[in-house]
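Encoded as C-alpha cells, the structure appears first; notes follow it.
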Amino acid sequence: MFPKLPSHLFPFLILLTLASLCFFSSFLSSSSSSSTSQSLAISNCNLFKGNWVLDPNHTPLYDETCPFHRNAWNCIRNQRQNMSFINSWKWVPRGCDLPRIDPFRFLGLMRNQNVGFVGDSLNENFLASFLCILRIADEGARRWKKKGAWRGAYFPKFNVTVGYHRAVLLSKYQWQPKQTEAGKQDGSEGVNRVDVDVPADEWAKIAGFYDVLVFNTGHWWNYDKFPKEKPLVFYKAGQPIVPPLGMLEGLKVVLGNMITYIEKEFPRKTLKFWRLQSPRHFYGGDWNQNGSCLFNKPLEENEEQRS
C-alpha cells in the first residue's frame, strides 16, 4: 500500500496548486505596481503554515449550474449534507494574506496562454472546480478536447485553454495477459507492463502547447489498483528491469525518468509544478467499499488519521 501522508498536509495539497497559479499570474504583468507588490507579499508567505478558519461569509464562487462538473461530483446540485457549513472553511496562512482568486484578473493575465494538468483524478478534481471558477469571467467558455486531452475548457474572451490529460502512472503502461495455462500457476492473470522511460501517449506530444503544466501521480501506486494477480512489471529501453522493482521503487524510477523527459523535451519557458498525493480520508471503508467522509471540519494537526 502506498504510504499515507500526515492528515495535516491535506489543506494545502489542493490549495497550493491554485495559489501557485495565482502567484505565477502575478508576474505576467510587470507594468502593474500593485501586481508586483502582491506577488512579493505572496512570495514571502509560507503557505504550509496556517489554519483553517470558519468564515460564514465564505461561499463558493460558482453554483450548481456550472457545466464542467460531472453530475456525480456536483455536491451542490446533489444536495450533499452540510455543504454551506463545509464551504465556510478557508485556509489562512500565518502572518500573511492569501487573496482569493480573481477569475477576471487571472484570465486577463493569462491571455493567449494555456494551462495543462497531467496525472490522475486528483488533478481532474481540481480542474473541475478551477474551470467553474474561471467561467465566472467568461460565460462563453465551452468544452475543449484536443491533443489527447481527457477534458478541458476554452475561454474565448481571453483565448485561454485549460486542459487535463489523464495519465495515472505518467509512464506508458499496458496490460499483457498470460499466454499459457502453465503461466497461471503463480496466481497471476498477466502483468501491467510499465515502460519507465516512455511517457504515456496522452501527454507525450503536448510540449510547446502549454505555458503552465501541473503534474501529479500517486493514488494508483497501490495494491488496490494493481493486485498481485495483475502486478506492475517495469521495463527500460524495451527490456525488463533486473532485478525486478517493487511498486515504490518503480514509482521513484518513473518520476526520475519523467522529470528527465520533461526537462529535455519541454521548453524551458514552460512553468512546471508537481503536486503531492493527498491523504486517504475515507471512513468505514475505502472509496469503492461504502466508505464516506463523515466530518464537516478539517482535522486538527494532533488528530490521528483513521482509515
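Chain lettering (A, B, ...) mirrors the order of the C-alpha cells, residue numbering begins at 1 for each chain separately, and ligand numbering begins at 1 in order of display.
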- Looking only at the backbone, which of the residues in region 81-285 of chain A does DSSP tag as strand (DSSP E or B), as a PyMOL selection string? chain A and resi 89-93+114-119+142-143+151-155+160-166+171-177+190-199+212-215+232-236+239-240+271-274+283
Can I get the selected residues back with C-alpha atoms, as a PDB file, in the first residue's frame?
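Writing done, so here's out-v2.pdb:
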```pdb
ATOM      1  CA  TRP A  89     -13.934  26.947   5.842  1.00  0.00           C
ATOM      2  CA  LYS A  90     -10.998  28.814   4.322  1.00  0.00           C
ATOM      3  CA  TRP A  91      -7.245  28.373   4.628  1.00  0.00           C
ATOM      4  CA  VAL A  92      -5.436  31.300   6.252  1.00  0.00           C
ATOM      5  CA  PRO A  93      -1.604  31.251   6.247  1.00  0.00           C
ATOM      6  CA  ASN A 114      -2.674  27.722 -21.933  1.00  0.00           C
ATOM      7  CA  VAL A 115      -2.679  25.737 -18.685  1.00  0.00           C
ATOM      8  CA  GLY A 116      -2.441  21.951 -18.622  1.00  0.00           C
ATOM      9  CA  PHE A 117      -2.895  19.279 -15.958  1.00  0.00           C
ATOM     10  CA  VAL A 118      -1.354  15.805 -16.326  1.00  0.00           C
ATOM     11  CA  GLY A 119      -1.989  12.942 -13.905  1.00  0.00           C
ATOM     12  CA  ARG A 142     -17.017  25.894 -23.861  1.00  0.00           C
ATOM     13  CA  ARG A 143     -15.836  22.324 -23.502  1.00  0.00           C
ATOM     14  CA  ARG A 151     -11.259  17.043 -20.886  1.00  0.00           C
ATOM     15  CA  GLY A 152     -10.904  20.800 -20.581  1.00  0.00           C
ATOM     16  CA  ALA A 153     -12.348  24.198 -21.476  1.00  0.00           C
ATOM     17  CA  TYR A 154     -11.659  27.089 -23.807  1.00  0.00           C
ATOM     18  CA  PHE A 155     -12.284  30.692 -22.740  1.00  0.00           C
ATOM     19  CA  VAL A 160      -7.084  30.722 -22.827  1.00  0.00           C
ATOM     20  CA  THR A 161      -7.275  26.933 -22.865  1.00  0.00           C
ATOM     21  CA  VAL A 162      -7.208  24.776 -19.723  1.00  0.00           C
ATOM     22  CA  GLY A 163      -6.869  21.044 -20.362  1.00  0.00           C
ATOM     23  CA  TYR A 164      -6.448  17.777 -18.491  1.00  0.00           C
ATOM     24  CA  HIS A 165      -4.508  14.760 -19.772  1.00  0.00           C
ATOM     25  CA  ARG A 166      -5.259  11.565 -17.882  1.00  0.00           C
ATOM     26  CA  SER A 171       4.684   6.491 -17.786  1.00  0.00           C
ATOM     27  CA  LYS A 172       3.178   4.374 -20.525  1.00  0.00           C
ATOM     28  CA  TYR A 173       1.704   1.088 -19.325  1.00  0.00           C
ATOM     29  CA  GLN A 174      -0.291  -1.695 -20.951  1.00  0.00           C
ATOM     30  CA  TRP A 175      -1.903  -4.957 -19.952  1.00  0.00           C
ATOM     31  CA  GLN A 176      -0.175  -8.170 -21.039  1.00  0.00           C
ATOM     32  CA  PRO A 177      -2.237 -11.312 -20.293  1.00  0.00           C
ATOM     33  CA  GLY A 190      -0.880 -11.351 -16.519  1.00  0.00           C
ATOM     34  CA  VAL A 191       1.141  -8.200 -15.911  1.00  0.00           C
ATOM     35  CA  ASN A 192       0.874  -4.476 -16.402  1.00  0.00           C
ATOM     36  CA  ARG A 193       3.999  -3.566 -18.310  1.00  0.00           C
ATOM     37  CA  VAL A 194       5.318  -0.131 -17.327  1.00  0.00           C
ATOM     38  CA  ASP A 195       7.942   1.449 -19.590  1.00  0.00           C
ATOM     39  CA  VAL A 196       9.635   3.744 -17.094  1.00  0.00           C
ATOM     40  CA  ASP A 197      11.389   5.807 -19.795  1.00  0.00           C
ATOM     41  CA  VAL A 198       8.352   6.283 -22.053  1.00  0.00           C
ATOM     42  CA  PRO A 199       5.680   8.881 -21.221  1.00  0.00           C
ATOM     43  CA  VAL A 212       1.922  26.178 -17.451  1.00  0.00           C
ATOM     44  CA  LEU A 213       1.805  22.454 -16.590  1.00  0.00           C
ATOM     45  CA  VAL A 214       0.784  20.760 -13.346  1.00  0.00           C
ATOM     46  CA  PHE A 215       1.811  17.104 -12.911  1.00  0.00           C
ATOM     47  CA  LEU A 232       3.283  -3.872 -12.321  1.00  0.00           C
ATOM     48  CA  VAL A 233       6.397  -5.064 -14.156  1.00  0.00           C
ATOM     49  CA  PHE A 234       8.914  -2.381 -15.061  1.00  0.00           C
ATOM     50  CA  TYR A 235      10.784  -2.107 -18.356  1.00  0.00           C
ATOM     51  CA  LYS A 236      13.511   0.247 -19.525  1.00  0.00           C
ATOM     52  CA  GLN A 239      13.793  -4.741 -21.584  1.00  0.00           C
ATOM     53  CA  PRO A 240      12.595  -5.905 -18.135  1.00  0.00           C
ATOM     54  CA  LEU A 271       6.340  26.753 -15.930  1.00  0.00           C
ATOM     55  CA  LYS A 272       6.019  23.325 -14.327  1.00  0.00           C
ATOM     56  CA  PHE A 273       4.539  22.254 -10.981  1.00  0.00           C
ATOM     57  CA  TRP A 274       4.384  18.889  -9.201  1.00  0.00           C
ATOM     58  CA  TYR A 283     -14.114   6.167   6.955  1.00  0.00           C
TER      59      TYR A 283
END
```
- Message: Can you tell me, as a VMD selection string, which residues in region 28-273 of chain A count as helix (DSSP H, G or I) by DSSP?
- Response: chain A and resid 33 to 43 71 to 73 83 to 86 103 to 109 121 to 135 181 to 186 201 to 204 247 to 265
